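For reference, start.txt (compact mmCIF, C-alpha atoms):
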```txt
# COMPACT_ATOMS: atom_id res chain seq x y z
CA MET A 1 9.71 -4.62 -22.71
CA SER A 2 8.33 -1.31 -23.86
CA THR A 3 9.33 1.52 -21.59
CA GLU A 4 7.72 4.30 -23.55
CA THR A 5 4.28 4.91 -22.13
CA THR A 6 2.49 7.71 -23.79
CA GLY A 7 -0.92 7.85 -22.16
CA LEU A 8 -3.93 6.88 -24.21
CA GLY A 9 -6.71 9.42 -24.60
CA THR A 10 -10.34 9.47 -23.54
CA PRO A 11 -12.61 6.57 -24.64
CA GLU A 12 -13.83 8.67 -27.61
CA ASP A 13 -10.31 9.54 -28.72
CA LEU A 14 -9.01 5.99 -29.06
CA THR A 15 -8.17 4.61 -32.47
CA ASP A 16 -9.89 1.37 -33.46
CA ALA A 17 -6.74 -0.59 -32.67
CA GLU A 18 -6.37 1.02 -29.25
CA ARG A 19 -9.98 0.46 -28.41
CA GLY A 20 -9.76 -3.16 -29.53
CA ALA A 21 -6.79 -3.71 -27.26
CA VAL A 22 -8.40 -2.00 -24.25
CA GLU A 23 -11.54 -4.09 -24.72
CA ALA A 24 -9.50 -7.26 -25.07
CA GLU A 25 -7.75 -6.47 -21.81
CA LEU A 26 -10.92 -5.61 -19.90
CA ARG A 27 -13.40 -8.20 -21.08
CA PRO A 28 -11.65 -11.34 -19.73
CA LEU A 29 -10.94 -9.48 -16.50
CA ALA A 30 -14.55 -8.35 -16.00
CA ASP A 31 -16.04 -11.71 -16.98
CA GLY A 32 -13.52 -13.56 -14.81
CA GLU A 33 -14.52 -11.63 -11.70
CA PHE A 34 -18.20 -11.93 -12.48
CA VAL A 35 -18.27 -15.66 -13.12
CA LEU A 36 -16.01 -16.49 -10.17
CA ALA A 37 -18.40 -14.54 -7.94
CA GLU A 38 -21.30 -16.55 -9.39
CA ARG A 39 -19.59 -19.77 -8.38
CA TYR A 40 -18.65 -18.47 -4.92
CA THR A 41 -22.26 -17.55 -4.19
CA GLU A 42 -23.16 -21.23 -4.52
CA TRP A 43 -21.48 -21.61 -1.13
CA GLN A 44 -23.57 -18.85 0.40
CA VAL A 45 -25.58 -20.23 3.38
CA ARG A 46 -23.82 -23.57 2.85
CA ALA A 47 -20.24 -22.85 3.96
CA PRO A 48 -18.76 -24.91 6.83
CA THR A 49 -19.40 -22.31 9.55
CA LEU A 50 -21.28 -19.05 9.87
CA GLU A 51 -17.99 -17.15 9.88
CA SER A 52 -16.60 -18.83 6.77
CA ASP A 53 -19.96 -18.27 5.09
CA LEU A 54 -19.82 -14.54 5.71
CA ALA A 55 -16.21 -14.41 4.54
CA ILE A 56 -16.82 -16.19 1.23
CA SER A 57 -20.01 -14.22 0.59
CA ASN A 58 -18.07 -11.07 1.24
CA ILE A 59 -15.37 -12.12 -1.19
CA ALA A 60 -18.03 -12.90 -3.80
CA GLN A 61 -19.47 -9.45 -3.27
CA ASP A 62 -16.03 -7.87 -3.69
CA GLU A 63 -15.52 -9.73 -6.97
CA LEU A 64 -18.90 -8.57 -8.26
CA GLY A 65 -17.88 -5.03 -7.37
CA HIS A 66 -14.62 -5.44 -9.27
CA ALA A 67 -16.50 -6.84 -12.26
CA ARG A 68 -18.70 -3.77 -12.21
CA LEU A 69 -15.64 -1.47 -12.22
CA TRP A 70 -14.31 -3.18 -15.34
CA TYR A 71 -17.70 -3.51 -17.10
CA ASP A 72 -18.23 0.16 -16.44
CA LEU A 73 -15.13 0.95 -18.50
CA LEU A 74 -16.50 -1.17 -21.34
CA GLU A 75 -19.73 0.80 -21.11
CA ASP A 76 -17.68 3.90 -21.94
CA PHE A 77 -17.46 2.41 -25.42
CA GLY A 78 -21.23 2.43 -25.78
CA TYR A 79 -22.11 -1.07 -24.53
CA THR A 80 -24.93 -1.43 -22.02
CA GLU A 81 -24.79 -3.72 -19.01
CA ALA A 82 -27.65 -5.71 -20.52
CA ALA A 83 -25.74 -6.21 -23.76
CA LEU A 84 -22.56 -7.19 -21.92
CA ILE A 85 -24.15 -9.65 -19.49
CA TRP A 86 -27.87 -10.32 -19.40
CA GLU A 87 -28.65 -10.31 -23.10
CA ALA A 88 -25.24 -11.47 -24.27
CA ASN A 89 -24.66 -14.87 -25.85
CA PRO A 90 -22.80 -17.40 -23.72
CA GLU A 91 -19.96 -17.44 -26.25
CA ASP A 92 -19.47 -13.65 -25.90
CA PHE A 93 -17.96 -14.23 -22.47
CA GLN A 94 -14.18 -14.37 -22.29
CA HIS A 95 -13.45 -15.45 -18.72
CA PRO A 96 -10.73 -18.08 -18.27
CA THR A 97 -12.46 -21.45 -17.96
CA LEU A 98 -10.99 -22.01 -14.47
CA VAL A 99 -13.76 -19.88 -12.98
CA GLU A 100 -16.70 -21.54 -14.75
CA LEU A 101 -15.99 -25.15 -13.70
CA PRO A 102 -18.64 -26.48 -11.32
CA LEU A 103 -17.54 -26.56 -7.71
CA GLY A 104 -17.12 -30.10 -6.43
CA GLU A 105 -20.28 -30.78 -4.46
CA GLY A 106 -19.69 -30.15 -0.77
CA ASP A 107 -16.00 -29.72 -1.56
CA TRP A 108 -14.81 -26.66 0.34
CA ALA A 109 -11.23 -27.41 -0.76
CA ASP A 110 -12.30 -26.74 -4.35
CA ALA A 111 -13.47 -23.21 -3.54
CA ILE A 112 -10.29 -22.53 -1.58
CA VAL A 113 -7.86 -23.93 -4.18
CA ARG A 114 -9.67 -22.10 -6.96
CA GLY A 115 -9.59 -18.89 -4.95
CA TYR A 116 -5.90 -19.34 -4.23
CA LEU A 117 -4.93 -19.97 -7.86
CA TYR A 118 -7.12 -17.13 -9.09
CA ASP A 119 -6.30 -14.52 -6.47
CA THR A 120 -2.57 -15.06 -6.83
CA TYR A 121 -3.00 -14.43 -10.55
CA GLU A 122 -5.28 -11.46 -10.02
CA ASN A 123 -2.78 -9.80 -7.74
CA LEU A 124 -0.05 -10.09 -10.37
CA HIS A 125 -2.41 -8.90 -13.07
CA LEU A 126 -3.47 -5.83 -11.09
CA ARG A 127 0.14 -4.93 -10.36
CA ALA A 128 0.78 -5.08 -14.10
CA LEU A 129 -2.04 -2.55 -14.51
CA GLU A 130 -0.81 -0.02 -11.95
CA GLY A 131 1.32 1.68 -14.57
CA THR A 132 -1.22 1.33 -17.39
CA SER A 133 -1.32 3.88 -20.19
CA TYR A 134 -5.13 3.97 -20.04
CA PRO A 135 -5.85 6.34 -17.14
CA TRP A 136 -9.37 5.02 -16.55
CA ILE A 137 -7.95 1.62 -15.60
CA ALA A 138 -5.28 3.20 -13.40
CA ASP A 139 -7.98 4.99 -11.38
CA ARG A 140 -9.54 1.69 -10.36
CA VAL A 141 -6.58 -0.56 -9.68
CA GLY A 142 -5.87 0.74 -6.16
CA LYS A 143 -9.40 0.10 -4.95
CA VAL A 144 -9.39 -3.45 -6.27
CA LEU A 145 -5.90 -4.25 -4.96
CA ALA A 146 -6.85 -3.13 -1.45
CA GLU A 147 -9.54 -5.82 -1.33
CA GLU A 148 -7.51 -8.48 -3.05
CA ASP A 149 -5.01 -8.66 -0.19
CA TYR A 150 -7.76 -10.04 2.00
CA HIS A 151 -8.72 -12.62 -0.61
CA THR A 152 -5.19 -13.93 -0.90
CA GLN A 153 -4.82 -14.05 2.86
CA HIS A 154 -8.14 -15.89 3.14
CA ALA A 155 -7.11 -18.52 0.60
CA ARG A 156 -3.67 -19.03 2.14
CA ASN A 157 -5.02 -19.32 5.67
CA TRP A 158 -7.53 -21.94 4.64
CA LEU A 159 -5.06 -23.85 2.48
CA SER A 160 -2.54 -24.24 5.26
CA ARG A 161 -5.23 -25.42 7.68
CA LEU A 162 -6.77 -27.87 5.24
CA CYS A 163 -3.30 -29.32 4.69
CA GLU A 164 -2.63 -29.88 8.39
CA ASP A 165 -3.75 -33.50 8.23
CA ASP A 166 -3.82 -36.25 5.61
CA PRO A 167 -7.55 -36.38 4.83
CA GLY A 168 -7.64 -32.59 4.42
CA ARG A 169 -4.53 -32.52 2.26
CA GLU A 170 -5.98 -35.33 0.14
CA ARG A 171 -9.05 -33.22 -0.61
CA VAL A 172 -6.88 -30.26 -1.52
CA ARG A 173 -4.74 -32.47 -3.73
CA LYS A 174 -7.77 -33.75 -5.63
CA ALA A 175 -9.08 -30.23 -6.18
CA LEU A 176 -5.64 -29.06 -7.26
CA ASP A 177 -5.21 -31.93 -9.76
CA ARG A 178 -8.54 -31.07 -11.31
CA LEU A 179 -8.11 -27.29 -11.34
CA PHE A 180 -4.42 -26.79 -12.11
CA PRO A 181 -4.63 -27.32 -15.91
CA TYR A 182 -7.54 -24.88 -16.01
CA ALA A 183 -5.60 -22.33 -13.97
CA LEU A 184 -3.24 -22.13 -16.95
CA THR A 185 -6.12 -20.59 -18.92
CA LEU A 186 -5.67 -17.47 -16.78
CA PHE A 187 -2.69 -16.72 -18.99
CA ALA A 188 -4.23 -17.64 -22.35
CA GLU A 189 -3.50 -14.85 -24.78
CA THR A 190 -5.96 -13.15 -27.07
CA GLU A 191 -5.07 -11.96 -30.56
CA HIS A 192 -4.60 -8.50 -29.03
CA GLU A 193 -1.89 -9.57 -26.57
CA ALA A 194 1.02 -7.95 -28.45
CA ALA A 195 -0.93 -4.70 -28.86
CA ILE A 196 -1.92 -4.63 -25.19
CA VAL A 197 1.72 -4.78 -24.13
CA ASP A 198 3.04 -2.50 -26.90
CA MET A 199 0.51 0.20 -26.07
CA GLY A 200 1.34 -0.08 -22.39
CA ILE A 201 -2.24 -0.97 -21.43
CA ARG A 202 -0.66 -3.71 -19.34
CA THR A 203 3.00 -3.35 -18.41
CA GLU A 204 3.73 -7.06 -18.35
CA SER A 205 2.98 -9.84 -20.83
CA LEU A 206 0.77 -12.78 -19.85
CA ALA A 207 3.72 -15.07 -20.56
CA ASP A 208 5.88 -13.21 -18.01
CA MET A 209 3.01 -13.15 -15.54
CA ARG A 210 2.65 -16.90 -15.90
CA GLU A 211 6.31 -17.42 -15.00
CA GLU A 212 5.91 -15.17 -11.99
CA TRP A 213 2.74 -16.95 -10.95
CA LEU A 214 4.43 -20.35 -11.17
CA GLY A 215 7.28 -18.89 -9.11
CA VAL A 216 4.82 -18.09 -6.31
CA VAL A 217 2.35 -20.95 -6.52
CA VAL A 218 4.66 -23.93 -7.05
CA PRO A 219 6.96 -23.41 -4.02
CA HIS A 220 4.02 -22.47 -1.80
CA LEU A 221 1.99 -25.56 -2.67
CA ASP A 222 5.15 -27.62 -2.38
CA SER A 223 5.69 -26.33 1.16
CA LEU A 224 2.22 -27.64 2.02
CA GLY A 225 3.14 -31.12 0.81
CA LEU A 226 1.28 -30.79 -2.48
CA SER A 227 2.81 -31.69 -5.79
CA VAL A 228 2.21 -29.63 -8.87
CA PRO A 229 2.75 -30.94 -12.41
CA VAL A 230 5.75 -28.70 -13.01
CA SER A 231 9.28 -30.06 -13.62
CA GLU A 232 12.38 -29.03 -11.66
CA ASP A 233 13.36 -26.53 -14.33
CA GLY A 234 9.92 -24.91 -14.32
CA GLU A 235 8.36 -26.67 -17.28
CA VAL A 236 4.62 -27.23 -16.98
CA LEU A 237 3.87 -30.91 -17.53
CA VAL A 238 0.16 -30.69 -18.31
CA ASP A 239 -1.50 -29.41 -21.45
CA LEU A 240 -3.65 -26.35 -21.65
CA PRO A 241 -7.31 -27.49 -21.79
CA ASP A 242 -9.05 -27.29 -25.18
CA GLN A 243 -11.37 -24.59 -23.91
CA VAL A 244 -9.51 -21.57 -22.57
CA GLY A 245 -12.36 -19.06 -22.40
CA THR A 246 -10.51 -15.95 -23.51
CA ASP A 247 -11.18 -16.90 -27.14
CA GLY A 248 -14.88 -17.53 -26.46
CA SER A 249 -14.48 -21.32 -26.20
CA HIS A 250 -16.01 -22.75 -23.04
CA THR A 251 -16.58 -26.02 -21.27
CA GLU A 252 -19.96 -27.80 -21.38
CA HIS A 253 -20.67 -26.42 -17.90
CA TRP A 254 -20.77 -22.82 -19.02
CA PRO A 255 -24.12 -22.69 -20.88
CA GLU A 256 -25.78 -24.19 -17.82
CA LEU A 257 -24.33 -21.58 -15.47
CA PHE A 258 -25.14 -18.80 -17.92
CA GLU A 259 -28.73 -20.08 -18.17
CA GLU A 260 -28.96 -20.08 -14.39
CA PHE A 261 -27.78 -16.56 -13.68
CA THR A 262 -29.75 -14.98 -16.53
CA HIS A 263 -32.90 -16.90 -15.56
CA THR A 264 -34.40 -14.20 -13.36
CA TYR A 265 -33.64 -11.51 -15.91
CA ARG A 266 -35.59 -13.41 -18.54
CA GLU A 267 -38.36 -14.52 -16.21
CA LEU A 268 -39.05 -10.94 -15.17
CA GLU A 269 -38.90 -9.88 -18.83
CA LEU A 270 -36.46 -7.16 -17.89
CA GLY A 271 -35.35 -7.03 -21.51
CA GLU A 272 -38.77 -5.70 -22.42
CA PRO A 273 -39.63 -2.76 -20.19
CA PRO A 274 -43.27 -2.86 -19.05
CA ARG A 275 -45.62 -0.41 -20.78
CA LEU A 276 -48.48 1.19 -18.90
CA LEU A 277 -50.40 2.20 -22.01
CA GLU A 278 -50.85 0.46 -25.29
CA ASP A 279 -49.11 2.05 -28.21
CA PRO A 280 -51.88 4.23 -29.78
CA ASP A 281 -50.72 3.18 -33.25
CA GLU A 282 -51.48 -0.42 -32.42
CA VAL A 283 -54.96 0.11 -30.98
CA MET B 1 -13.41 -21.98 19.93
CA ILE B 2 -14.91 -18.59 20.67
CA TRP B 3 -12.93 -15.39 20.33
CA GLU B 4 -14.23 -12.15 21.80
CA VAL B 5 -13.74 -9.17 19.51
CA PHE B 6 -12.91 -5.61 20.57
CA ARG B 7 -13.09 -2.73 18.14
CA GLN B 8 -11.26 0.58 18.29
CA GLU B 9 -12.79 3.31 16.20
CA GLN B 10 -9.91 5.79 16.18
CA ARG B 11 -6.29 5.68 17.20
CA GLY B 12 -6.01 6.48 20.90
CA LYS B 13 -9.60 5.57 21.78
CA TYR B 14 -10.54 2.53 23.86
CA HIS B 15 -11.14 -0.86 22.29
CA THR B 16 -14.73 -1.75 23.11
CA HIS B 17 -16.28 -5.19 23.04
CA CYS B 18 -18.39 -5.65 19.93
CA GLY B 19 -19.16 -9.36 19.70
CA ASN B 20 -17.42 -12.65 19.01
CA VAL B 21 -16.42 -15.08 16.28
CA HIS B 22 -15.91 -18.84 16.12
CA ALA B 23 -12.44 -19.70 14.84
CA PRO B 24 -9.86 -22.43 15.39
CA ASP B 25 -6.97 -20.04 16.01
CA LYS B 26 -5.96 -16.40 16.34
CA GLU B 27 -5.12 -15.82 12.70
CA MET B 28 -8.48 -17.13 11.49
CA ALA B 29 -10.27 -15.21 14.26
CA LEU B 30 -8.68 -11.97 13.06
CA MET B 31 -9.61 -12.80 9.50
CA PHE B 32 -13.27 -13.44 10.34
CA ALA B 33 -13.46 -10.50 12.73
CA GLN B 34 -12.46 -8.13 9.94
CA ILE B 35 -15.54 -9.10 7.95
CA GLN B 36 -17.98 -9.28 10.82
CA HIS B 37 -16.90 -6.35 12.92
CA GLY B 38 -14.67 -4.14 10.82
CA ARG B 39 -16.64 -3.51 7.67
CA ARG B 40 -19.80 -1.71 8.63
CA ARG B 41 -18.40 0.88 11.01
CA PRO B 42 -15.27 3.02 10.97
CA THR B 43 -12.53 0.87 12.46
CA HIS B 44 -8.92 1.57 13.28
CA SER B 45 -8.02 -1.66 15.03
CA LEU B 46 -9.48 -4.96 16.20
CA TRP B 47 -8.43 -7.18 19.09
CA VAL B 48 -9.40 -10.80 19.43
CA THR B 49 -8.92 -12.84 22.56
CA PRO B 50 -9.95 -16.37 23.49
CA ARG B 51 -13.08 -16.20 25.63
CA GLU B 52 -11.60 -18.59 28.21
CA GLU B 53 -8.64 -16.25 28.74
CA ILE B 54 -10.90 -13.49 30.01
CA GLY B 55 -11.02 -13.28 33.79
CA GLU B 56 -14.25 -12.21 35.41
CA VAL B 57 -15.51 -11.32 38.86
CA ASP B 58 -19.12 -10.28 39.21
CA ALA B 59 -21.39 -8.54 41.71
CA GLU B 60 -22.48 -11.82 43.31
CA GLU B 61 -18.92 -12.62 44.32
CA THR B 62 -17.84 -9.23 45.57
CA SER B 63 -19.18 -5.81 46.40
CA PHE B 64 -17.81 -3.26 43.99
CA GLY B 65 -18.64 -0.01 45.74
CA GLY B 66 -19.71 2.95 43.68
CA THR B 67 -23.16 2.78 45.26
CA THR B 68 -23.00 5.70 47.71
CA ASP B 69 -23.86 9.15 46.39
CA LYS B 70 -20.60 11.10 46.09
CA SER B 71 -21.82 13.67 43.62
CA TYR B 72 -20.64 16.39 46.02
CA ARG B 73 -17.15 15.60 44.73
CA TRP B 74 -18.04 16.88 41.31
CA ALA B 75 -17.29 20.59 40.95
CA MET B 76 -20.11 20.93 38.45
CA THR B 77 -22.68 20.87 41.24
CA PHE B 78 -21.39 24.05 42.88
CA ASN B 79 -23.49 27.17 42.34
CA THR B 80 -21.62 30.01 40.65
CA ASP B 81 -22.49 33.59 39.92
CA GLU B 82 -22.87 33.55 36.12
CA ASP B 83 -22.38 37.34 35.80
CA PHE B 84 -18.63 36.96 35.84
CA ALA B 85 -18.67 35.70 32.25
CA ALA B 86 -20.21 38.98 31.10
CA GLU B 87 -17.63 40.94 33.06
CA ILE B 88 -14.77 39.08 31.43
CA ALA B 89 -16.24 39.70 27.98
CA ALA B 90 -16.63 43.41 28.71
CA SER B 91 -13.06 43.65 29.97
CA GLN B 92 -11.83 41.83 26.87
CA ARG B 93 -13.62 44.31 24.60
CA GLU B 94 -12.18 47.20 26.57
CA GLN B 95 -8.63 45.88 26.19
CA GLU B 96 -9.09 45.30 22.46
CA ALA B 97 -10.34 48.87 21.97
CA ALA B 98 -7.39 50.22 23.91
CA GLU B 99 -5.05 48.09 21.82
CA ARG B 100 -6.47 49.49 18.59
CA GLU B 101 -6.13 53.04 19.85
CA ARG B 102 -2.52 52.45 20.83
CA ALA B 103 -1.75 51.03 17.43
CA GLU B 104 -3.31 54.06 15.67
CA ARG B 105 -1.35 56.52 17.81
CA GLY B 106 1.85 54.55 17.16
CA ASP B 107 1.33 54.92 13.39
CA ASP B 108 0.97 58.69 13.75
CA ALA B 109 4.13 58.97 15.84
CA GLU B 110 6.13 57.14 13.13
CA GLY B 111 4.90 59.69 10.58
CA GLY B 112 3.26 57.03 8.39
CA GLY B 113 6.63 55.72 7.21
CA GLY B 114 6.53 52.34 8.96
CA ASN B 115 4.61 49.17 8.27
CA ALA B 116 1.33 49.44 10.15
CA GLU B 117 1.02 45.71 10.81
CA GLY B 118 4.61 45.32 11.95
CA GLY B 119 4.17 48.21 14.32
CA ALA B 120 1.08 46.71 15.87
CA GLU B 121 2.80 43.38 16.44
CA GLU B 122 5.71 45.02 18.15
CA GLY B 123 3.31 46.84 20.41
CA GLU B 124 1.66 43.56 21.39
CA SER B 125 4.83 41.71 22.19
CA ALA B 126 6.19 44.53 24.32
```
Encoded form (structure tokens):
Amino acid sequence: MSTETTGLGTPEDLTDAERGAVEAELRPLADGEFVLAERYTEWQVRAPTLESDLAISNIAQDELGHARLWYDLLEDFGYTEAALIWEANPEDFQHPTLVELPLGEGDWADAIVRGYLYDTYENLHLRALEGTSYPWIADRVGKVLAEEDYHTQHARNWLSRLCEDDPGRERVRKALDRLFPYALTLFAETEHEAAIVDMGIRTESLADMREEWLGVVVPHLDSLGLSVPVSEDGEVLVDLPDQVGTDGSHTEHWPELFEEFTHTYRELELGEPPRLLEDPDEV
Amino acid sequence: MIWEVFRQEQRGKYHTHCGNVHAPDKEMALMFAQIQHGRRRPTHSLWVTPREEIGEVDAEETSFGGTTDKSYRWAMTFNTDEDFAAEIAASQREQEAAERERAERGDDAEGGGGNAEGGAEEGESA
């Protein structure tokens, strides 16, 4: 592992390679937070109790805030929010496909399992960014981490309670079986992976993070009476889905979700600012 | 199950009742209370307690007292002559002026060789 971390410069100072690597690190992170929040908000006003509704809405709001922190760093490179999100093409998004899958209808266990798998990953990812060589990322990690502790606690609390009886555990098991292969997309590398680690933008490789993640998730789920498709010696027994997201490939559910959350933007014609006067040249 | 929530704004202050949450157990109650009662206002600590564990006795069951006028016990209702504050201030000014004069004379006596500030401090502590 590279120990030499010479700090990268300001956004304008970066070489093309450095900038490419920073963007490749940030884009999946920003999109991941954004799209997960979109899915969470589907539970808003529908969660099992008023309290759980407020909690999940609050988590969604946190994730949107985190997405904004990361998008904001991409905007330093000259992108606008509109270009990154509202006027982007669906295939520009690089979130891991775990977060775009539709939530099972009325299936609270799905939201909880997804949150658990994602938040455990996010925690590891953020810790691997604490010592980043890009100071602008370092500034933001602490703020995000502070909120992530609550998310992990939320997911764990719910998981253990859902698994207290057989019908509950059965629902969790179904959600887990469906989501687990997609959770592996959280660690899908981009072509910039080697550069990201070499330049110290992230201090740990996705491959190492995946091992660590399995080391946390597998025993925990096991302790709740849930089986995970991982062998005794830690080998994952399911294949990575065809669409991993970080390379721009997405499931058939993605265009629909994208269409939905950009609907208002298009309907209000926000892409074309209203003009009070006609252009005199056109009169 | 209903849990009553008590919020403490700063360390050392009282926890005051701020509402309640529905939750199956203490851990979940604390988790929900954080969102509902700890996010909008400065909060140092939250307590949750099952509503049924709270004991209550009310005015219909007992007479609590506190209804007779005992304001004569509060020293703030005594009349005082407010001139004494001016006298104290005048005396204070007088002492300060005398102190300064002493310090100046002390400097002269030392023939200007000593540290003026050090001399003044010694004078005060004596």
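Atom pair CA of Glu60 (chain B) / CA of Val48 (chain B): separated by 27.2 Å.
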Contact table chain B vs chain A, cut-off 9 Å, shortest pair per residue, only C-alpha atoms, as JSON lines:
```
{"residue": "B:Val21", "atom": "CA", "partner": "A:Glu51", "partner_atom": "CA", "distance": 6.9}
{"residue": "B:His22", "atom": "CA", "partner": "A:Glu51", "partner_atom": "CA", "distance": 6.8}
{"residue": "B:Ala23", "atom": "CA", "partner": "A:Glu51", "partner_atom": "CA", "distance": 7.9}
{"residue": "B:Glu27", "atom": "CA", "partner": "A:Asn157", "partner_atom": "CA", "distance": 7.9}
{"residue": "B:Met28", "atom": "CA", "partner": "A:Asn157", "partner_atom": "CA", "distance": 7.1}
{"residue": "B:Met31", "atom": "CA", "partner": "A:His154", "partner_atom": "CA", "distance": 7.2}
{"residue": "B:Phe32", "atom": "CA", "partner": "A:Glu51", "partner_atom": "CA", "distance": 6.0}
{"residue": "B:Ala33", "atom": "CA", "partner": "A:Glu51", "partner_atom": "CA", "distance": 8.5}
{"residue": "B:Ile35", "atom": "CA", "partner": "A:Ala55", "partner_atom": "CA", "distance": 6.3}
{"residue": "B:Gln36", "atom": "CA", "partner": "A:Leu54", "partner_atom": "CA", "distance": 7.6}
```
Closest pair table for region 101-134 of chain A residues within 7 Å of region 174-179 of chain A, all atoms listed in the file, as a tab-separated table:
```
residue	atom	partner	partner_atom	distance
A:Ala109	CA	A:Ala175	CA	6.5
A:Asp110	CA	A:Ala175	CA	5.1
A:Val113	CA	A:Leu176	CA	6.4
A:Arg114	CA	A:Leu179	CA	7.0
```
- Measure the distance from CA of Asn123 (chain A) to CA of Thr152 (chain A) in Å and round it to one decimal.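 That distance, rounded to one decimal, is 8.3 Å.
Among the candidates A:Thr203, A:Tyr182, A:Leu159, A:Thr262, the residue lying nearest to Leu84 (chain A) is A:Thr262 (atoms considered: all atoms listed in the file).
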- Message: For a test of reading the model, state the distance in Å between CA of Gln44 (chain A) and CA of Pro96 (chain A), rounded to one decimal.
- Response: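 Result for CA of Gln44 (chain A) versus CA of Pro96 (chain A): 22.7 Å, one decimal.
By chain and then residue number, the residues within 12 Å of region 52-54 of chain B are Met1, Ile2, Trp3, Glu4 and Val5 of chain B, counting all atoms listed in the file and disregarding those fewer than 5 positions away in sequence.
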If you keep all heavy atoms, can you output region 90-95 of chain A as a compact mmCIF listing (two decimals), in the first residue's frame?
```
# COMPACT_ATOMS: atom_id res chain seq x y z
N PRO A 90 -29.18 9.32 -18.31
CA PRO A 90 -29.23 8.27 -17.28
C PRO A 90 -27.91 7.48 -17.21
O PRO A 90 -27.48 7.10 -16.13
CB PRO A 90 -30.38 7.38 -17.72
CG PRO A 90 -31.21 8.19 -18.64
CD PRO A 90 -30.33 9.25 -19.22
N GLU A 91 -27.27 7.28 -18.36
CA GLU A 91 -26.06 6.45 -18.35
C GLU A 91 -24.82 7.21 -17.83
O GLU A 91 -23.77 6.62 -17.65
CB GLU A 91 -25.79 5.84 -19.73
CG GLU A 91 -25.62 6.82 -20.87
CD GLU A 91 -26.97 7.21 -21.50
OE1 GLU A 91 -28.03 6.99 -20.87
OE2 GLU A 91 -26.94 7.76 -22.63
N ASP A 92 -24.98 8.53 -17.56
CA ASP A 92 -23.87 9.27 -16.96
C ASP A 92 -23.70 8.92 -15.48
O ASP A 92 -22.65 9.15 -14.89
CB ASP A 92 -24.12 10.79 -17.05
CG ASP A 92 -24.10 11.28 -18.50
OD1 ASP A 92 -23.49 10.59 -19.33
OD2 ASP A 92 -24.71 12.33 -18.76
N PHE A 93 -24.76 8.41 -14.90
CA PHE A 93 -24.72 8.13 -13.46
C PHE A 93 -23.89 6.88 -13.18
O PHE A 93 -23.92 5.92 -13.93
CB PHE A 93 -26.14 7.95 -12.92
CG PHE A 93 -26.85 9.26 -12.69
CD1 PHE A 93 -27.36 9.98 -13.76
CD2 PHE A 93 -26.98 9.78 -11.41
CE1 PHE A 93 -28.00 11.20 -13.54
CE2 PHE A 93 -27.61 10.98 -11.19
CZ PHE A 93 -28.13 11.70 -12.26
N GLN A 94 -23.14 6.95 -12.07
CA GLN A 94 -22.21 5.85 -11.76
C GLN A 94 -22.47 5.21 -10.40
O GLN A 94 -21.57 4.60 -9.82
CB GLN A 94 -20.77 6.36 -11.82
CG GLN A 94 -20.34 6.76 -13.22
CD GLN A 94 -18.96 7.38 -13.25
OE1 GLN A 94 -18.18 7.19 -12.33
NE2 GLN A 94 -18.67 8.12 -14.30
N HIS A 95 -23.67 5.38 -9.86
CA HIS A 95 -23.95 4.75 -8.57
C HIS A 95 -23.97 3.23 -8.71
O HIS A 95 -24.38 2.70 -9.74
CB HIS A 95 -25.31 5.23 -8.05
CG HIS A 95 -26.41 5.02 -9.05
ND1 HIS A 95 -26.73 5.95 -9.98
CD2 HIS A 95 -27.21 3.96 -9.29
CE1 HIS A 95 -27.71 5.49 -10.75
NE2 HIS A 95 -28.02 4.28 -10.35
```
